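Shown next, in structure tokens, is the structure this report addresses.
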Amino acid sequence: MPVIAMTMAPASTEIKKSLVEELTAKAAEITGIPKTSFVVTLNELPTDALGLGGQTVADMKKQSTR
């Protein structure tokens, strides 16, 4: 049972649904493993727990709206 894991900032239900569908479909296409064998986990972290270039994503968002 292959597992696809993705860690990301919070997303809408629609985005998560699309990710599960499309990640599964592409992995099945590439590997030849049936879609029904795949497990997809989406781990959401708050933006103050994600960092890029020494800043949290929350701080980056605040700065971009100023």
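Ordered as shown in the structure tokens, chains take letters A, B, and onward, while each chain numbers its residues from 1 and ligands are numbered from 1 in the order shown.
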Contacts of range 47-62 of chain A within 12 Å, only C-alpha atoms, excl. fewer than 5 positions in-chain, as a ChimeraX atom specification: /A:7-11
May I have the residues within 12 Å of Ser37 in chain A as a ChimeraX atom specification, using only C-alpha atoms and disregarding those fewer than 5 positions away in the same chain? /A:1-4,24-25,27-28,31-32
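CA of Val40 in chain A is positioned 6.2 Å from CA of Val20 in chain A.
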Could you pull out the helix (DSSP H, G or I) residues of chain A from DSSP and send them as a ChimeraX atom specification? /A:13-31,35-37,47-49,57-64
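CA of Glu44 in chain A is positioned 8.4 Å from CA of Met6 in chain A.
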Calculated over only C-alpha atoms, which of the candidates A:Thr65, A:Thr13, A:Ala5, A:Glu21 has the smallest distance to Thr36 in chain A?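 Smallest distance to Thr36 in chain A is found for A:Glu21.
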As an exercise, work out the distance from CA of Leu42 in chain A to CA of Ser64 in chain A in Å and give it to one decimal place.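 Between CA of Leu42 in chain A and CA of Ser64 in chain A the gap is 26.2 Å.
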Which of chain A end up as strand (DSSP E or B) when DSSP is run on this backbone - answer as a ChimeraX atom specification? /A:3-8,39-44,51-52,55-56
